[in-house]
Amino acid sequence: MNERELRGLIGQVKAGALSRRAFVQRMMAMGLAAPLATQLLVHAGVAMAQSRPSYKPTKRGGGGPLKLLLWQAPTLLNPHFATGNKDREATRMFYEPLAGWDGDGNLRPALAAAIPGREDGTLAADGKSVIWRLKQGVVWHDGKPFTADDVVFNWQYASDPAAAATTSATYKDVKVEKVDDHTVKVLFDAPTPFWALAFVGTQGMIIPKHLFADYMGAKSREAPANLKPVGTGPYKFKDFKPGDMVMGETYPNYHMPNRPHFDSFEMKGGGDAVSAARAVLQTGEYDFAWNMQVEDEILQRLEKTGKGRVEISPGGNIEHIQLNTTDPWTEIDGERSRLGTKHPTLSDPAVRQALIVLVDKDSVEKFIYGRTGNATANFVNNPEKFRSKNTKFEFNVDKANDILEKAGWKKGADGIREKDGKKLKFVYQTSINQPRQKTQAIVKQACQKVGIEIEVKAVTASVFFSSDVANPDTYTKFYCDLQMYTTTMTQPDPELFMKQFLTEEQATKANKWQGRNITRWSSKEYDDNFKAGQAELDPVKRAALFIKANDMVIANQVVIPVVARPAVQAMTLKLKAAMSGWDNNTWDIQDWYKDA
């Protein structure tokens with residue numbers, strides 16, 4: 001389809017001669033993912049659909065308790081310091097963004113009165129600003145009114161380098177102005193095609209100025225509200241035991257009618273994914289279990305009990321292995337994996353190339369993940385428009401042997417390859433989880449065949465994903481050679497997702513290890529290409545730039561993609577909850593209910 005034909009179809013949508021759904025279906029038939037098709041309409045000035053799924057309850061409350069399981073327990077309740085989705089899922093029970101992403105990649109208003117668009121002039125034609133009109137009559141849980149001052153404050157709070165917020169990448173490159181008490185304007189230095197980032201989705205939850213204004217910058221982690229949230233969401237805070245339990249109760253003045261359905265919620269943390277799956281699918285003791293990183297064979301068996309179902313939502317999450325570019329074994333000024341150091345053996349490209357062909361991705365998919373994970377050569381896998389066709393993967397022990405031999409890595413008397421007095425011995429860590437330990441075993445066995453010794457390390461999930469800056473075993477510190485986990489793509493666009501390879505995002509002691517670049521890889525070519533993609537308004541050219549970004553990461557062996565993972569959750573048959581692979585599971589928690 002050429003540009004003229006595309007514009008003609010968009011014109012039909014504007015005129016009402018073609019439905020949005022029909023347009024999206026036609027674009028999908030041509031290989032364009034639904035979220036990108038809807039974005040084309042937005043850029044053309046067609047407002048996004050703002051209807052919500054049907055909601056049956058006719059009054060607030062009366063649904064009894066909602067019981068949720070997060071086998072990775074939340075450790076704090078400030079969205080700006082969340083180091084993993086387990087923290088974001090918990091904070092979304094109390095805090096809300098201006099808008100969230102539904103399962104089709106459409107924006108849905110939360111604290112916004114409507115989604116910005118070209119039709120009403122709130123989305124600038126030059127891509128350099130967007131105006132958000134706020135919902136009126138919204139009140140914080142302590143009775144204070146929610147206003148534009150709160151929105152502006154969140155930008156100031158998160159963009160302050162001294163705060164070391166995990167959301168800093170979302171806010172540091174924009175400016176936010178108050179227009180009036182219920183209107184804010186977000187300004188960009190350059191044309192910004194993906195404008196729906198600040199104040200949106202997982203990165204967009206808004207905290208109250210009146211409780212956090214005295215805790216800016218270096219004092220940000222001292223705020224009592226970090227552990228006792230006061231939000232605008234459907235539930236008020238009741239109790240929190242970090243690493244164990246979060247509890248809340250219905251907020252009687254919530255700004256949406258007849259919501260929430262449940263009288264209270266209990267979010268239990270800890271344990272493991274298999275036991276969480278059983279507690280929902282087999283016993284029905286809990287209503288919902290998050291992140292079912294469980295062998296698919298087990299999930300299918302549990303579903304047959306007839307008490308629950310597994311929900312699989314397409315998205316951009318990727319289970320991957322990171323290769324440390326720095327030296328994790330030398331400490332300098334209380335910091336290992338320090339910038340400026342070089343990994344003693346992984347700095348050799350031949351070693352990284354050998355490791356890549358020693359990961360048997362097909363076996364990981366076939367014997368572990370099944371329908372819940374697809375072997376891939378790409379870091380970016382969705383939306384399809386951004387998926388590279390330039391990459392491929394293979395499992396080849398002979399090739400790995402050949403690569404290492406030619407690079408001068410010879411087997412010693414103990415069978416381990418060495419060169420210049422350095423041995424190929426690596427510590428490979430991940431969180432405690434059966435599929436991950438089985439993946440470690442597959443990789444270790446292959447490495448042994450070529451003379452690479454792997455020491456596997458399994459860290460309790462609540463520790464590995466902890467926000468505790470004093471903990472040496474967190475994934476953000478990366479105090480080992482290789483590590484594996486799933487990183488989540490929480491928007492139907494790869495811009496924020498690919499910021500984790502920018503030089504300016506490197507995780508260090510100075511930023512409390514909150515930078516998104518965990519591998520500490522640095523490339524000026526990558527940085528320049530990324531920034532060009534940020535400002536490119538032509539959707540075809542922009543996609544090409546982000547495909548190039550993906551290819552650079554793969555070609556430089558920064559990470560090894562293992563399987564692309566959709567969002568997988570378990571819920572009882574009576575629970576009605578719309579899942580999204582582009583946002584938190586709790587993105588529309590106010591609409592969850594149970595059938596009688």
# chains A, B, ... in the order shown; residues from 1 in each chain; ligands from 1
>>> residues_around(residues="Asp173 of chain A", least_positions_apart="5", cutoff="9 Å", atoms="only C-alpha atoms", output="VMD selection string")
chain A and resid 159 168 188 to 189
>>> write_last_selection(atoms="N, CA and C atoms", output="PDB file, in the first residue's frame")
ATOM      1  N   SER A 159      12.690  14.015  37.583  1.00  0.00           N
ATOM      2  CA  SER A 159      13.793  14.468  36.736  1.00  0.00           C
ATOM      3  C   SER A 159      14.981  14.997  37.534  1.00  0.00           C
ATOM      4  N   SER A 168      13.368   8.339  35.807  1.00  0.00           N
ATOM      5  CA  SER A 168      14.042   9.557  35.340  1.00  0.00           C
ATOM      6  C   SER A 168      14.141   9.610  33.817  1.00  0.00           C
ATOM      7  N   PHE A 188       8.479  19.161  24.283  1.00  0.00           N
ATOM      8  CA  PHE A 188       9.633  18.376  23.868  1.00  0.00           C
ATOM      9  C   PHE A 188      10.611  19.270  23.112  1.00  0.00           C
ATOM     10  N   ASP A 189      11.900  19.014  23.273  1.00  0.00           N
ATOM     11  CA  ASP A 189      12.910  19.822  22.586  1.00  0.00           C
ATOM     12  C   ASP A 189      12.911  19.590  21.084  1.00  0.00           C
TER      13      ASP A 189
END
>>> select_by_dssp(residues="segment 55-255 of chain A", states="strand (DSSP E or B)", output="NGL selection string")
:A and (65-70 or 99-101 or 107-109 or 112 or 123 or 129-134 or 139 or 145 or 174-180 or 183-188 or 200 or 235-241 or 245-250)
>>> closest_residue(among="A:Val351, A:Leu299, A:Ala510, A:Ile368", to="Val568 of chain A", atoms="only C-alpha atoms")
A:Leu299
>>> closest_residue(among="A:Ala273, A:Ala555, A:Ala112, A:Leu573", to="Tyr526 of chain A", atoms="only C-alpha atoms")
A:Ala555
>>> atom_distance(atom1="atom CA of Ala148 of chain A", atom2="atom CA of Arg133 of chain A")
9.0 Å
>>> select_by_dssp(residues="segment 196-250 of chain A", states="alpha helix (DSSP H)", output="PyMOL selection string")
chain A and resi 209-212
>>> write_last_selection(atoms="N, CA, C and O atoms", output="compact mmCIF listing (two decimals), in the first residue's frame")
# COMPACT_ATOMS: atom_id res chain seq x y z
N LYS A 209 1.88 15.97 45.58
CA LYS A 209 2.87 17.00 45.90
C LYS A 209 2.88 17.31 47.40
O LYS A 209 3.96 17.46 48.00
N HIS A 210 1.72 17.39 48.02
CA HIS A 210 1.67 17.85 49.41
C HIS A 210 2.32 16.87 50.39
O HIS A 210 2.66 17.27 51.51
N LEU A 211 2.54 15.63 49.98
CA LEU A 211 3.19 14.67 50.86
C LEU A 211 4.65 14.40 50.50
O LEU A 211 5.41 13.85 51.30
N PHE A 212 5.06 14.81 49.29
CA PHE A 212 6.42 14.51 48.85
C PHE A 212 7.27 15.75 48.60
O PHE A 212 8.48 15.63 48.39
>>> atom_distance(atom1="atom CA of Ala218 of chain A", atom2="atom CA of Glu504 of chain A")
19.6 Å
>>> residues_around(residues="Trp155 of chain A", least_positions_apart="5", cutoff="10 Å", atoms="only C-alpha atoms", output="list in words")
Asp150, Asp160, Thr167, Ser168, Thr170, Tyr171, Lys172, Val174, Lys175, Val176, Glu177, Val186, Ala198, Phe199, Gly204 and Ile206 of chain A
>>> write_last_selection(atoms="all heavy atoms", output="CSV table (one decimal), in the first residue's frame")
chain,number,residue,atom,x,y,z
A,150,ASP,N,0.1,18.8,41.1
A,150,ASP,CA,0.6,17.5,41.3
A,150,ASP,C,1.3,16.9,40.1
A,150,ASP,O,2.4,16.3,40.3
A,150,ASP,CB,-0.5,16.6,41.7
A,150,ASP,CG,-1.2,17.0,43.1
A,150,ASP,OD1,-0.4,17.0,44.1
A,150,ASP,OD2,-2.4,17.3,43.1
A,160,ASP,N,14.8,15.1,38.8
A,160,ASP,CA,15.9,15.6,39.7
A,160,ASP,C,17.0,14.5,39.8
A,160,ASP,O,16.7,13.4,40.4
A,160,ASP,CB,15.4,15.9,41.1
A,160,ASP,CG,16.5,16.5,42.0
A,160,ASP,OD1,17.7,16.3,41.7
A,160,ASP,OD2,16.1,17.1,43.0
A,167,THR,N,12.2,6.3,37.1
A,167,THR,CA,11.4,6.9,36.1
A,167,THR,C,12.1,8.1,35.4
A,167,THR,O,11.5,8.7,34.6
A,167,THR,CB,10.1,7.3,36.6
A,167,THR,OG1,10.3,8.2,37.7
A,167,THR,CG2,9.2,6.1,37.0
A,168,SER,N,13.4,8.3,35.8
A,168,SER,CA,14.0,9.6,35.3
A,168,SER,C,14.1,9.6,33.8
A,168,SER,O,14.0,10.7,33.2
A,168,SER,CB,15.4,9.7,36.0
A,168,SER,OG,16.3,8.6,35.5
A,170,THR,N,12.1,8.8,31.7
A,170,THR,CA,10.8,9.2,31.2
A,170,THR,C,10.6,10.7,31.2
A,170,THR,O,10.0,11.3,30.4
A,170,THR,CB,9.6,8.5,31.9
A,170,THR,OG1,9.8,7.1,31.7
A,170,THR,CG2,8.3,9.0,31.4
A,171,TYR,N,11.2,11.4,32.3
A,171,TYR,CA,10.9,12.8,32.6
A,171,TYR,C,12.0,13.8,32.3
A,171,TYR,O,11.8,15.0,32.2
A,171,TYR,CB,10.4,12.9,34.0
A,171,TYR,CG,9.1,12.1,34.2
A,171,TYR,CD1,9.1,10.9,34.8
A,171,TYR,CD2,7.9,12.7,33.9
A,171,TYR,CE1,7.9,10.2,35.0
A,171,TYR,CE2,6.7,12.1,34.1
A,171,TYR,CZ,6.7,10.8,34.6
A,171,TYR,OH,5.5,10.1,34.8
A,172,LYS,N,13.3,13.3,32.3
A,172,LYS,CA,14.4,14.2,32.3
A,172,LYS,C,14.5,15.0,31.0
A,172,LYS,O,15.1,16.1,30.9
A,172,LYS,CB,15.7,13.5,32.6
A,172,LYS,CG,16.1,12.5,31.6
A,172,LYS,CD,17.4,11.9,32.0
A,172,LYS,CE,17.9,10.9,31.0
A,172,LYS,NZ,19.1,10.2,31.4
A,174,VAL,N,11.9,16.2,29.1
A,174,VAL,CA,10.7,17.0,28.8
A,174,VAL,C,10.6,18.2,29.7
A,174,VAL,O,11.3,18.2,30.7
A,174,VAL,CB,9.4,16.1,28.8
A,174,VAL,CG1,9.5,14.9,27.9
A,174,VAL,CG2,9.2,15.7,30.3
A,175,LYS,N,9.8,19.1,29.4
A,175,LYS,CA,9.4,20.2,30.3
A,175,LYS,C,7.9,20.2,30.5
A,175,LYS,O,7.2,19.8,29.5
A,175,LYS,CB,9.9,21.5,29.7
A,175,LYS,CG,11.4,21.7,29.7
A,175,LYS,CD,11.7,23.0,29.1
A,175,LYS,CE,13.3,23.2,29.0
A,175,LYS,NZ,13.7,24.5,28.4
A,176,VAL,N,7.4,20.5,31.7
A,176,VAL,CA,6.0,20.4,31.9
A,176,VAL,C,5.6,21.8,32.5
A,176,VAL,O,6.2,22.3,33.4
A,176,VAL,CB,5.6,19.3,32.9
A,176,VAL,CG1,4.1,19.2,33.1
A,176,VAL,CG2,6.2,18.0,32.4
A,177,GLU,N,4.5,22.4,31.9
A,177,GLU,CA,4.0,23.6,32.4
A,177,GLU,C,2.6,23.5,32.8
A,177,GLU,O,1.8,22.8,32.2
A,177,GLU,CB,4.1,24.7,31.2
A,177,GLU,CG,5.5,25.0,30.7
A,177,GLU,CD,5.4,25.9,29.5
A,177,GLU,OE1,4.3,26.2,29.0
A,177,GLU,OE2,6.5,26.4,29.1
A,186,VAL,N,3.0,19.4,28.1
A,186,VAL,CA,4.3,18.7,28.1
A,186,VAL,C,5.0,19.2,26.8
A,186,VAL,O,4.4,19.1,25.7
A,186,VAL,CB,4.1,17.2,28.1
A,186,VAL,CG1,5.5,16.5,28.1
A,186,VAL,CG2,3.3,16.7,29.3
A,198,ALA,N,5.4,10.3,29.2
A,198,ALA,CA,5.4,10.9,30.5
A,198,ALA,C,3.9,10.9,31.0
A,198,ALA,O,3.0,11.2,30.3
A,198,ALA,CB,5.8,12.4,30.4
A,199,PHE,N,3.7,10.5,32.2
A,199,PHE,CA,2.4,10.4,32.9
A,199,PHE,C,1.5,9.3,32.4
A,199,PHE,O,0.3,9.3,32.6
A,199,PHE,CB,1.7,11.8,32.9
A,199,PHE,CG,2.6,12.9,33.3
A,199,PHE,CD1,2.9,13.9,32.4
A,199,PHE,CD2,3.1,13.0,34.6
A,199,PHE,CE1,3.7,15.0,32.8
A,199,PHE,CE2,3.9,14.1,35.0
A,199,PHE,CZ,4.2,15.1,34.1
A,204,GLY,N,4.0,6.3,34.6
A,204,GLY,CA,3.2,7.5,34.7
A,204,GLY,C,2.4,7.7,36.0
A,204,GLY,O,1.7,8.8,36.1
A,206,ILE,N,1.1,8.9,39.4
A,206,ILE,CA,1.3,10.3,40.0
A,206,ILE,C,1.2,10.3,41.5
A,206,ILE,O,0.2,9.8,42.0
A,206,ILE,CB,0.3,11.3,39.3
A,206,ILE,CG1,0.6,11.4,37.8
A,206,ILE,CG2,0.4,12.6,40.0
A,206,ILE,CD1,-0.4,12.2,37.1
